[in-house]
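This is coords.pdb. It holds PDB, C-alpha atoms.
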```
ATOM      1  CA  MET A   1       6.905   6.135  50.900
ATOM      2  CA  LEU A   2       3.747   4.349  49.722
ATOM      3  CA  ILE A   3       0.529   5.206  51.530
ATOM      4  CA  ASN A   4      -3.166   5.335  50.705
ATOM      5  CA  SER A   5      -5.182   8.541  50.537
ATOM      6  CA  GLU A   6      -7.270   7.831  53.655
ATOM      7  CA  GLU A   7      -4.143   7.447  55.775
ATOM      8  CA  VAL A   8      -2.608  10.671  54.461
ATOM      9  CA  GLU A   9      -5.756  12.753  54.953
ATOM     10  CA  ARG A  10      -6.261  11.400  58.477
ATOM     11  CA  LEU A  11      -2.631  12.073  59.423
ATOM     12  CA  VAL A  12      -2.648  15.584  58.001
ATOM     13  CA  GLY A  13      -5.965  16.464  59.613
ATOM     14  CA  GLU A  14      -4.716  15.416  63.035
ATOM     15  CA  MET A  15      -1.438  17.348  62.771
ATOM     16  CA  ASP A  16      -2.728  20.540  61.106
ATOM     17  CA  LEU A  17      -0.311  20.268  58.183
ATOM     18  CA  GLY A  18      -0.459  21.430  54.598
ATOM     19  CA  LEU A  19      -1.474  18.809  52.029
ATOM     20  CA  ILE A  20      -1.008  18.954  48.252
ATOM     21  CA  TYR A  21      -1.720  16.127  45.842
ATOM     22  CA  ILE A  22      -0.260  16.168  42.313
ATOM     23  CA  ASP A  23      -1.052  13.590  39.656
ATOM     24  CA  ASN A  24       1.492  12.268  37.164
ATOM     25  CA  LYS A  25       0.460  14.964  34.666
ATOM     26  CA  TYR A  26       1.528  17.623  37.210
ATOM     27  CA  LYS A  27      -2.094  18.680  37.784
ATOM     28  CA  ILE A  28      -3.067  19.733  41.304
ATOM     29  CA  ARG A  29      -5.830  17.424  42.553
ATOM     30  CA  MET A  30      -5.863  18.608  46.159
ATOM     31  CA  PHE A  31      -4.545  21.698  47.952
ATOM     32  CA  ASN A  32      -5.915  22.068  51.470
ATOM     33  CA  GLU A  33      -6.460  25.352  53.328
ATOM     34  CA  LYS A  34      -3.396  24.948  55.547
ATOM     35  CA  ALA A  35      -1.185  24.475  52.485
ATOM     36  CA  LYS A  36      -2.674  27.640  50.981
ATOM     37  CA  GLU A  37      -1.794  29.525  54.157
ATOM     38  CA  ILE A  38       1.772  28.211  54.158
ATOM     39  CA  VAL A  39       2.567  29.128  50.549
ATOM     40  CA  GLY A  40       0.613  32.390  50.675
ATOM     41  CA  ILE A  41      -2.365  31.634  48.439
ATOM     42  CA  LYS A  42      -4.713  32.166  51.372
ATOM     43  CA  LEU A  43      -4.305  35.558  53.035
ATOM     44  CA  ASN A  44      -4.355  36.421  56.728
ATOM     45  CA  ASN A  45      -7.463  38.597  56.325
ATOM     46  CA  ILE A  46      -6.038  41.591  58.197
ATOM     47  CA  GLY A  47      -8.001  43.971  55.995
ATOM     48  CA  SER A  48      -9.240  44.569  52.500
ATOM     49  CA  HIS A  49      -8.692  46.750  49.456
ATOM     50  CA  SER A  50      -9.856  46.816  45.853
ATOM     51  CA  ALA A  51      -7.864  45.605  42.872
ATOM     52  CA  GLY A  52      -5.911  48.265  41.028
ATOM     53  CA  ARG A  53      -2.473  49.613  40.197
ATOM     54  CA  LEU A  54      -0.241  52.511  41.152
ATOM     55  CA  SER A  55      -1.418  55.947  40.001
ATOM     56  CA  GLN A  56       0.282  59.313  39.875
ATOM     57  CA  GLY A  57       0.304  60.891  43.320
ATOM     58  CA  ASP A  58       0.069  57.664  45.337
ATOM     59  CA  ILE A  59       2.390  57.436  48.350
ATOM     60  CA  VAL A  60       4.647  54.375  48.232
ATOM     61  CA  ILE A  61       6.292  52.933  51.359
ATOM     62  CA  ILE A  62       8.989  50.285  50.914
ATOM     63  CA  ALA A  63      10.807  48.039  53.393
ATOM     64  CA  ASP A  64      13.201  45.727  51.546
ATOM     65  CA  ASN A  65      15.859  43.654  53.295
ATOM     66  CA  HIS A  66      17.690  42.673  50.102
ATOM     67  CA  MET A  67      17.440  44.805  46.976
ATOM     68  CA  GLY A  68      17.024  42.558  43.962
ATOM     69  CA  GLY A  69      15.961  39.581  46.090
ATOM     70  CA  ASP A  70      12.309  38.694  46.613
ATOM     71  CA  ASP A  71      11.107  42.052  45.297
ATOM     72  CA  GLY A  72      10.572  41.588  41.554
ATOM     73  CA  ASN A  73      14.233  42.356  40.810
ATOM     74  CA  LEU A  74      13.906  45.903  42.133
ATOM     75  CA  THR A  75      16.570  48.255  40.729
ATOM     76  CA  SER A  76      17.667  51.862  41.231
ATOM     77  CA  LEU A  77      15.933  52.653  37.925
ATOM     78  CA  ASP A  78      12.612  51.464  39.376
ATOM     79  CA  LEU A  79      13.143  53.721  42.393
ATOM     80  CA  GLU A  80      13.168  56.757  40.124
ATOM     81  CA  LYS A  81       9.393  56.205  39.867
ATOM     82  CA  ILE A  82       9.179  57.580  43.413
ATOM     83  CA  ASN A  83      11.826  60.238  42.753
ATOM     84  CA  ILE A  84      14.750  58.378  44.336
ATOM     85  CA  LYS A  85      17.710  59.079  42.076
ATOM     86  CA  ASP A  86      20.648  57.610  43.930
ATOM     87  CA  GLN A  87      23.132  55.457  42.044
ATOM     88  CA  ASN A  88      24.835  54.479  45.308
ATOM     89  CA  ILE A  89      21.979  52.114  46.145
ATOM     90  CA  ASN A  90      23.151  48.642  45.163
ATOM     91  CA  GLN A  91      21.660  45.205  44.774
ATOM     92  CA  GLY A  92      21.725  43.458  48.138
ATOM     93  CA  ASP A  93      21.244  46.674  50.120
ATOM     94  CA  ILE A  94      18.601  47.075  52.814
ATOM     95  CA  LEU A  95      16.256  49.875  51.799
ATOM     96  CA  LEU A  96      13.561  51.837  53.610
ATOM     97  CA  ALA A  97      11.816  54.448  51.481
ATOM     98  CA  ILE A  98       8.801  56.748  51.266
ATOM     99  CA  GLY A  99       7.992  58.604  48.070
ATOM    100  CA  VAL A 100       5.258  59.756  45.721
ATOM    101  CA  TYR A 101       4.665  57.820  42.529
ATOM    102  CA  ASP A 102       5.269  59.602  39.236
ATOM    103  CA  ASN A 103       5.732  63.063  40.766
ATOM    104  CA  SER A 104       9.174  64.637  40.473
ATOM    105  CA  ASN A 105       8.170  67.704  42.504
ATOM    106  CA  ILE A 106       7.847  65.911  45.852
ATOM    107  CA  GLU A 107      11.050  64.799  47.558
ATOM    108  CA  PRO A 108      11.257  61.237  48.874
ATOM    109  CA  ILE A 109      12.622  60.193  52.254
ATOM    110  CA  TYR A 110      14.798  57.113  52.354
ATOM    111  CA  LYS A 111      17.761  55.406  53.960
ATOM    112  CA  TYR A 112      19.771  52.332  53.107
ATOM    113  CA  ILE A 113      22.703  50.283  54.345
ATOM    114  CA  ARG A 114      24.738  47.434  52.929
ATOM    115  CA  GLY A 115      23.140  44.134  53.816
ATOM    116  CA  ASN A 116      26.105  42.856  55.818
ATOM    117  CA  GLN A 117      26.077  45.945  58.059
ATOM    118  CA  LEU A 118      22.712  45.312  59.713
ATOM    119  CA  LYS A 119      23.280  44.286  63.326
ATOM    120  CA  ASP A 120      19.888  44.562  64.982
ATOM    121  CA  SER A 121      17.079  46.697  63.568
ATOM    122  CA  PHE A 122      16.837  49.453  60.983
ATOM    123  CA  SER A 123      13.976  51.941  60.844
ATOM    124  CA  LEU A 124      12.680  55.070  59.148
ATOM    125  CA  GLU A 125      10.019  57.379  60.613
ATOM    126  CA  SER A 126       8.384  60.437  59.090
ATOM    127  CA  ASN A 127       5.299  62.602  59.099
ATOM    128  CA  TYR A 128       5.026  62.494  55.324
ATOM    129  CA  LEU A 129       2.367  64.594  53.617
ATOM    130  CA  GLY A 130       0.215  64.419  56.733
ATOM    131  CA  ASN A 131       0.692  60.683  57.305
ATOM    132  CA  LYS A 132       2.572  59.294  60.281
ATOM    133  CA  ILE A 133       4.678  56.559  58.706
ATOM    134  CA  LYS A 134       7.221  54.099  60.059
ATOM    135  CA  ALA A 135       9.098  51.348  58.209
ATOM    136  CA  CYS A 136      11.294  48.876  60.048
ATOM    137  CA  VAL A 137      13.470  45.823  59.465
ATOM    138  CA  ASP A 138      13.683  43.771  62.663
ATOM    139  CA  ARG A 139      16.511  41.322  62.102
ATOM    140  CA  GLU A 140      16.319  39.636  65.501
ATOM    141  CA  ASN A 141      12.664  38.656  65.076
ATOM    142  CA  LYS A 142      12.912  38.368  61.271
ATOM    143  CA  ARG A 143      10.019  40.735  60.758
ATOM    144  CA  MET A 144       9.334  43.599  58.354
ATOM    145  CA  GLU A 145       6.828  46.177  59.508
ATOM    146  CA  ILE A 146       5.248  49.198  57.871
ATOM    147  CA  GLU A 147       3.013  51.387  60.017
ATOM    148  CA  VAL A 148       0.672  54.021  58.581
ATOM    149  CA  ASN A 149      -1.249  56.238  61.006
ATOM    150  CA  SER A 150      -1.046  53.563  63.749
ATOM    151  CA  ARG A 151      -2.147  50.764  61.404
ATOM    152  CA  LYS A 152       0.525  48.061  61.236
ATOM    153  CA  PHE A 153       1.336  45.751  58.333
ATOM    154  CA  SER A 154       3.836  43.067  59.340
ATOM    155  CA  LEU A 155       5.447  40.223  57.428
ATOM    156  CA  GLN A 156       7.702  37.489  58.778
ATOM    157  CA  TYR A 157      10.605  36.398  56.626
ATOM    158  CA  PHE A 158      13.192  33.645  56.516
ATOM    159  CA  GLN A 159      15.761  35.106  54.122
ATOM    160  CA  THR A 160      14.718  37.918  51.769
ATOM    161  CA  ILE A 161      11.502  39.878  51.497
ATOM    162  CA  GLY A 162      10.218  43.037  49.839
ATOM    163  CA  HIS A 163       7.408  44.747  51.762
ATOM    164  CA  ILE A 164       5.294  47.579  50.314
ATOM    165  CA  VAL A 165       2.241  49.607  51.327
ATOM    166  CA  ILE A 166       0.523  52.140  49.051
ATOM    167  CA  ILE A 167      -1.578  55.102  50.193
ATOM    168  CA  ASP A 168      -4.105  56.413  47.683
ATOM    169  CA  GLY A 169      -2.976  59.897  46.715
ATOM    170  CA  SER A 170      -6.562  61.072  46.215
ATOM    171  CA  THR A 171      -8.374  59.627  49.231
ATOM    172  CA  GLY A 172      -5.623  59.020  51.780
ATOM    173  CA  GLU A 173      -6.881  55.448  52.249
ATOM    174  CA  ILE A 174      -4.734  52.327  52.103
ATOM    175  CA  LYS A 175      -4.762  51.345  48.451
ATOM    176  CA  PHE A 176      -2.585  48.238  48.745
ATOM    177  CA  PHE A 177      -0.697  46.305  51.396
ATOM    178  CA  GLN A 178       1.671  43.427  50.871
ATOM    179  CA  GLU A 179       0.823  39.947  52.105
ATOM    180  CA  LYS A 180       2.667  36.652  52.036
ATOM    181  CA  GLY A 181       2.296  34.852  48.745
ATOM    182  CA  TYR A 182       2.862  38.056  46.790
ATOM    183  CA  SER A 183       5.283  36.367  44.393
ATOM    184  CA  ILE A 184       2.673  33.924  43.169
ATOM    185  CA  ARG A 185       0.246  36.831  42.684
ATOM    186  CA  LYS A 186       2.930  38.825  40.794
ATOM    187  CA  GLU A 187       2.740  41.690  43.278
ATOM    188  CA  GLU A 188       6.438  42.223  44.001
ATOM    189  CA  ILE A 189       7.652  45.803  44.531
ATOM    190  CA  GLY A 190       9.496  46.026  41.222
ATOM    191  CA  LEU A 191       6.516  44.782  39.219
ATOM    192  CA  LEU A 192       4.125  47.231  40.879
ATOM    193  CA  LEU A 193       6.460  50.171  40.256
ATOM    194  CA  ARG A 194       6.643  49.119  36.593
ATOM    195  CA  GLY A 195       2.870  49.299  36.264
ATOM    196  CA  ASN A 196       1.637  45.803  37.112
ATOM    197  CA  SER A 197      -1.836  45.571  38.575
ATOM    198  CA  PHE A 198      -2.562  43.998  41.953
ATOM    199  CA  LEU A 199      -5.438  41.815  43.095
ATOM    200  CA  GLY A 200      -8.052  42.901  45.580
ATOM    201  CA  LYS A 201      -8.147  41.568  49.121
ATOM    202  CA  ASP A 202     -11.448  40.868  50.815
ATOM    203  CA  ASP A 203     -11.559  39.423  54.309
ATOM    204  CA  LYS A 204     -14.905  37.766  53.485
ATOM    205  CA  SER A 205     -13.812  36.085  50.273
ATOM    206  CA  PRO A 206     -12.986  32.368  50.209
ATOM    207  CA  SER A 207      -9.455  31.355  49.302
ATOM    208  CA  PRO A 208      -8.945  30.846  45.562
ATOM    209  CA  SER A 209      -9.222  27.352  44.119
ATOM    210  CA  VAL A 210      -6.096  25.976  42.444
ATOM    211  CA  LYS A 211      -7.538  22.581  41.546
ATOM    212  CA  ASN A 212      -6.349  21.385  38.110
ATOM    213  CA  PHE A 213      -3.668  24.083  37.962
ATOM    214  CA  ASP A 214      -0.311  22.920  36.622
ATOM    215  CA  PHE A 215       1.960  22.595  39.654
ATOM    216  CA  MET A 216       5.130  23.147  37.592
ATOM    217  CA  GLU A 217       3.831  26.381  36.069
ATOM    218  CA  MET A 218       2.435  27.606  39.359
ATOM    219  CA  PHE A 219       5.687  27.213  41.274
ATOM    220  CA  GLU A 220       8.063  27.609  38.332
ATOM    221  CA  ASP A 221      11.635  26.345  38.367
ATOM    222  CA  SER A 222      12.758  25.102  41.791
ATOM    223  CA  GLU A 223      14.411  22.127  43.415
ATOM    224  CA  ILE A 224      11.075  20.599  44.337
ATOM    225  CA  THR A 225       9.645  20.852  40.797
ATOM    226  CA  LYS A 226      12.851  19.392  39.352
ATOM    227  CA  ASN A 227      12.704  16.452  41.758
ATOM    228  CA  LEU A 228       9.063  15.779  40.933
ATOM    229  CA  ALA A 229       9.737  15.994  37.192
ATOM    230  CA  SER A 230      12.610  13.506  37.498
ATOM    231  CA  TYR A 231      10.420  11.160  39.499
ATOM    232  CA  PHE A 232       7.449  11.248  37.126
ATOM    233  CA  LYS A 233       9.740  10.822  34.105
ATOM    234  CA  LYS A 234      11.238   7.778  35.880
ATOM    235  CA  GLU A 235      14.693   9.372  35.768
ATOM    236  CA  SER A 236      14.819   8.915  39.535
ATOM    237  CA  ASP A 237      12.913   6.744  41.967
ATOM    238  CA  ILE A 238      13.808   8.862  44.993
ATOM    239  CA  LEU A 239      11.856  11.749  46.500
ATOM    240  CA  SER A 240      13.789  13.035  49.503
ATOM    241  CA  ASN A 241      11.979  14.575  52.454
ATOM    242  CA  GLY A 242      13.516  17.854  53.569
ATOM    243  CA  LEU A 243      13.563  21.636  53.280
ATOM    244  CA  TYR A 244      12.438  23.161  49.992
ATOM    245  CA  TYR A 245      11.190  26.478  48.684
ATOM    246  CA  LEU A 246       7.611  26.824  47.444
ATOM    247  CA  ASN A 247       6.661  30.272  46.193
ATOM    248  CA  LYS A 248       9.946  31.509  47.725
ATOM    249  CA  ARG A 249       8.771  30.313  51.131
ATOM    250  CA  LEU A 250      10.758  27.738  53.048
ATOM    251  CA  VAL A 251       8.786  24.579  53.827
ATOM    252  CA  TYR A 252       9.584  21.164  55.199
ATOM    253  CA  CYS A 253       8.145  18.678  52.735
ATOM    254  CA  SER A 254       7.425  14.973  53.133
ATOM    255  CA  PHE A 255       6.483  12.940  50.057
ATOM    256  CA  TYR A 256       3.953  10.098  49.992
ATOM    257  CA  VAL A 257       3.554   8.162  46.754
ATOM    258  CA  HIS A 258       0.221   6.746  45.614
ATOM    259  CA  PRO A 259       0.377   2.976  45.038
ATOM    260  CA  GLU A 260       1.029   1.875  41.455
ATOM    261  CA  ASP A 261      -2.396   0.254  41.202
ATOM    262  CA  ALA A 262      -4.230   3.458  42.162
ATOM    263  CA  GLU A 263      -6.739   4.847  39.682
ATOM    264  CA  ILE A 264      -4.931   8.205  39.667
ATOM    265  CA  LYS A 265      -1.176   7.928  40.139
ATOM    266  CA  GLY A 266       0.570  10.783  41.847
ATOM    267  CA  VAL A 267       2.374  12.141  44.880
ATOM    268  CA  TYR A 268       1.208  13.723  48.123
ATOM    269  CA  LEU A 269       3.239  16.612  49.512
ATOM    270  CA  VAL A 270       2.781  17.143  53.239
ATOM    271  CA  ILE A 271       4.255  20.522  54.160
ATOM    272  CA  LYS A 272       5.079  22.511  57.286
ATOM    273  CA  ASP A 273       5.893  26.215  57.402
ATOM    274  CA  GLY A 274       9.659  26.755  57.550
ATOM    275  CA  SER A 275       9.260  29.840  59.757
ATOM    276  CA  GLU A 276       7.535  27.681  62.369
ATOM    277  CA  LEU A 277      10.431  25.248  62.202
ATOM    278  CA  GLU A 278      12.851  28.086  62.816
ATOM    279  CA  GLU A 279      10.848  29.266  65.852
ATOM    280  CA  TYR A 280      10.989  25.707  67.173
ATOM    281  CA  LEU A 281      14.759  25.590  66.702
ATOM    282  CA  ILE A 282      15.184  28.942  68.485
ATOM    283  CA  ASP A 283      13.102  27.714  71.449
ATOM    284  CA  ARG A 284      15.043  24.447  71.477
ATOM    285  CA  ASN A 285      18.419  26.206  71.419
ATOM    286  CA  GLU A 286      17.371  28.541  74.231
ATOM    287  CA  MET A 287      16.290  25.522  76.260
ATOM    288  CA  LEU A 288      19.637  23.824  75.655
ATOM    289  CA  GLU A 289      21.508  26.958  76.738
ATOM    290  CA  GLN A 290      19.511  27.134  79.971
ATOM    291  CA  VAL A 291      20.150  23.456  80.716
ATOM    292  CA  GLU A 292      23.879  23.887  80.018
ATOM    293  CA  LYS A 293      24.076  26.890  82.376
ATOM    294  CA  LYS A 294      22.298  25.016  85.150
ATOM    295  CA  LEU A 295      24.542  21.994  84.671
ATOM    296  CA  ARG A 296      27.614  24.236  84.709
ATOM    297  CA  TYR A 297      26.648  25.743  88.071
ATOM    298  CA  GLY A 298      25.410  22.500  89.578
ATOM    299  CA  GLU A 299      21.753  23.497  89.670
ATOM    300  CA  VAL A 300      20.532  20.373  87.882
ATOM    301  CA  LEU A 301      21.287  17.466  90.179
ATOM    302  CA  HIS A 302      18.363  15.131  90.558
ATOM    303  CA  LYS A 303      15.846  16.563  88.101
ATOM    304  CA  GLU A 304      15.296  14.571  84.961
ATOM    305  CA  VAL A 305      15.551  16.345  81.615
ATOM    306  CA  PRO A 306      12.614  15.406  79.299
ATOM    307  CA  PRO A 307      13.788  12.656  76.899
ATOM    308  CA  ASP A 308      12.763  14.575  73.763
ATOM    309  CA  THR A 309      14.604  17.789  74.726
ATOM    310  CA  PHE A 310      17.478  17.112  72.362
ATOM    311  CA  ASN A 311      15.462  15.732  69.471
ATOM    312  CA  LEU A 312      14.440  17.821  66.440
TER     313      LEU A 312
END
```
As structure tokens, please, write out the structure in this file.
Amino acid sequence: MLINSEEVERLVGEMDLGLIYIDNKYKIRMFNEKAKEIVGIKLNNIGSHSAGRLSQGDIVIIADNHMGGDDGNLTSLDLEKINIKDQNINQGDILLAIGVYDNSNIEPIYKYIRGNQLKDSFSLESNYLGNKIKACVDRENKRMEIEVNSRKFSLQYFQTIGHIVIIDGSTGEIKFFQEKGYSIRKEEIGLLLRGNSFLGKDDKSPSPSVKNFDFMEMFEDSEITKNLASYFKKESDILSNGLYYLNKRLVYCSFYVHPEDAEIKGVYLVIKDGSELEEYLIDRNEMLEQVEKKLRYGEVLHKEVPPDTFNL
């Protein structure tokens, strides 16, 4: 759809949507704050910690709903870093684990099940080395939660997610906690266990600027980058609105093309968080069920159902 920049910015501002603008060289010209929140570049500011990496003696807490999924390709070999030596743990399993990094003298605590066996929720609780720790996978609410001494670190998910919290082995303070957008920051569980560093979080710091970043490099190989590449190479003249993954996060994306006579040719991406869409669908389905029950028992006779009840 062709539209000018003033119309797009006005529309997006009114509807509190994410807005990204990419020129025909794949450079990011605009990336608003809402878009940064949706794809995880901007953090929720639930706390802060310094930059660093895992050190010997640190306590590692893992909640992973799909081994080998969105967790830096976590393997059983990686788990040996926290003294878990169990070859029965397979890719696709749901894993909850607590262990000490690079210390074979301290036993870990962990449990796992095959992914298709999870019915409701799955949790692990322990008073581990003086820390009251709980890790939980809540399937019904699609939430992963790690709690350390009454401090909760929660992440919503749509499909797969790898959650991790690290306690400093020397100070007992929280050394690292996972936040959405961890894939783009290269902070997946597997990478951290292999020695990757992590960025600091500061609740007073502004969100990072991504202006002039290469969109294709930033979001790597995905359906949305392939579609944009085909469009800019004139291999296709169609950009289809719909559900896509950006930084492994589900978004609903609408495309708006800059007019051909514009000084800078490119495409606007207007995005909405996929998890919010799912919540809307759940509410809508519950509403439909209630209406159906009332109709079945004759409770709805003269009351008018709102006309948009059945529209997505």
So, with only C-alpha atoms as the atoms that count, which of A:Asn65, A:Gln87, A:Ser76, A:Ser275 lies closest to Arg139 (chain A)?
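Smallest separation from Arg139 (chain A) among the options: A:Asn65.
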How far is it from CA of Gly266 (chain A) to CA of Met30 (chain A), in Å with one decimal?
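Interatomic distance, CA of Gly266 (chain A) to CA of Met30 (chain A): 11.0 Å.
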Atom pair CA of Glu80 (chain A) + CA of Asp102 (chain A), distance 8.4 Å
Just so the selection is clear, what residues does the PyMOL selection byres ((chain A and resi 125-131) around 9) cover here, as a VMD selection string?
chain A and resid 59 98 to 99 109 123 to 124 132 to 136 148 to 149 172
Residues as selected, C-alpha atoms, written as a short mmCIF file (atom, residue, chain, number, x, y, z; two decimals), keeping the file's coordinate frame, can you do that?
```
data_model
loop_
_atom_site.label_atom_id
_atom_site.label_comp_id
_atom_site.auth_asym_id
_atom_site.auth_seq_id
_atom_site.Cartn_x
_atom_site.Cartn_y
_atom_site.Cartn_z
CA ILE A 59 2.39 57.44 48.35
CA ILE A 98 8.80 56.75 51.27
CA GLY A 99 7.99 58.60 48.07
CA ILE A 109 12.62 60.19 52.25
CA SER A 123 13.98 51.94 60.84
CA LEU A 124 12.68 55.07 59.15
CA LYS A 132 2.57 59.29 60.28
CA ILE A 133 4.68 56.56 58.71
CA LYS A 134 7.22 54.10 60.06
CA ALA A 135 9.10 51.35 58.21
CA CYS A 136 11.29 48.88 60.05
CA VAL A 148 0.67 54.02 58.58
CA ASN A 149 -1.25 56.24 61.01
CA GLY A 172 -5.62 59.02 51.78
#
```
Around region 106-115 of chain A, fit a box with edges along x, y and z, padding it by 3 Å on each side, then list its centre and edge lengths in Å to one decimal as AutoDock Vina command-line options.
```
--center_x 16.3 --center_y 55.0 --center_z 50.1 --size_x 22.9 --size_y 27.8 --size_z 14.5
```
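When only C-alpha atoms are used to measure the gap to Lys211 (chain A), the shortest distance among A:Ile62, A:Ile89, A:Ile20, A:Leu79 belongs to A:Ile20.
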What lies within 9 Å of region 33-43 of chain A using all atoms listed in the file, ignoring chain neighbours under 5 positions off, as a ChimeraX atom specification?
/A:16-20,179-185,201,203,206-208,246-251,270-274
Your completed region 25-39 of chain A with N, CA and C atoms, as an mmCIF file, in the frame of the given file:
```cif
data_model
loop_
_atom_site.group_PDB
_atom_site.id
_atom_site.type_symbol
_atom_site.label_atom_id
_atom_site.label_comp_id
_atom_site.auth_asym_id
_atom_site.auth_seq_id
_atom_site.Cartn_x
_atom_site.Cartn_y
_atom_site.Cartn_z
ATOM 1 N N LYS A 25 0.471 13.960 35.742
ATOM 2 C CA LYS A 25 0.460 14.964 34.666
ATOM 3 C C LYS A 25 0.746 16.355 35.236
ATOM 4 N N TYR A 26 1.174 16.390 36.494
ATOM 5 C CA TYR A 26 1.528 17.623 37.210
ATOM 6 C C TYR A 26 0.313 18.471 37.578
ATOM 7 N N LYS A 27 -0.889 17.931 37.434
ATOM 8 C CA LYS A 27 -2.094 18.680 37.784
ATOM 9 C C LYS A 27 -2.359 18.584 39.290
ATOM 10 N N ILE A 28 -2.748 19.707 39.882
ATOM 11 C CA ILE A 28 -3.067 19.733 41.304
ATOM 12 C C ILE A 28 -4.463 19.152 41.508
ATOM 13 N N ARG A 29 -4.546 18.067 42.269
ATOM 14 C CA ARG A 29 -5.830 17.424 42.553
ATOM 15 C C ARG A 29 -6.363 17.810 43.932
ATOM 16 N N MET A 30 -5.456 18.221 44.814
ATOM 17 C CA MET A 30 -5.863 18.608 46.159
ATOM 18 C C MET A 30 -4.876 19.646 46.688
ATOM 19 N N PHE A 31 -5.400 20.651 47.381
ATOM 20 C CA PHE A 31 -4.545 21.698 47.952
ATOM 21 C C PHE A 31 -5.319 22.240 49.149
ATOM 22 N N ASN A 32 -5.059 21.707 50.339
ATOM 23 C CA ASN A 32 -5.915 22.068 51.470
ATOM 24 C C ASN A 32 -5.647 23.490 51.972
ATOM 25 N N GLU A 33 -6.518 23.961 52.872
ATOM 26 C CA GLU A 33 -6.460 25.352 53.328
ATOM 27 C C GLU A 33 -5.158 25.668 54.049
ATOM 28 N N LYS A 34 -4.651 24.711 54.831
ATOM 29 C CA LYS A 34 -3.396 24.948 55.547
ATOM 30 C C LYS A 34 -2.248 25.128 54.565
ATOM 31 N N ALA A 35 -2.232 24.332 53.505
ATOM 32 C CA ALA A 35 -1.185 24.475 52.485
ATOM 33 C C ALA A 35 -1.273 25.842 51.818
ATOM 34 N N LYS A 36 -2.499 26.312 51.581
ATOM 35 C CA LYS A 36 -2.674 27.640 50.981
ATOM 36 C C LYS A 36 -2.139 28.734 51.905
ATOM 37 N N GLU A 37 -2.339 28.558 53.197
ATOM 38 C CA GLU A 37 -1.794 29.525 54.157
ATOM 39 C C GLU A 37 -0.270 29.521 54.113
ATOM 40 N N ILE A 38 0.319 28.335 54.090
ATOM 41 C CA ILE A 38 1.772 28.211 54.158
ATOM 42 C C ILE A 38 2.450 28.839 52.952
ATOM 43 N N VAL A 39 1.911 28.602 51.758
ATOM 44 C CA VAL A 39 2.567 29.128 50.549
ATOM 45 C C VAL A 39 2.052 30.508 50.160
#
```
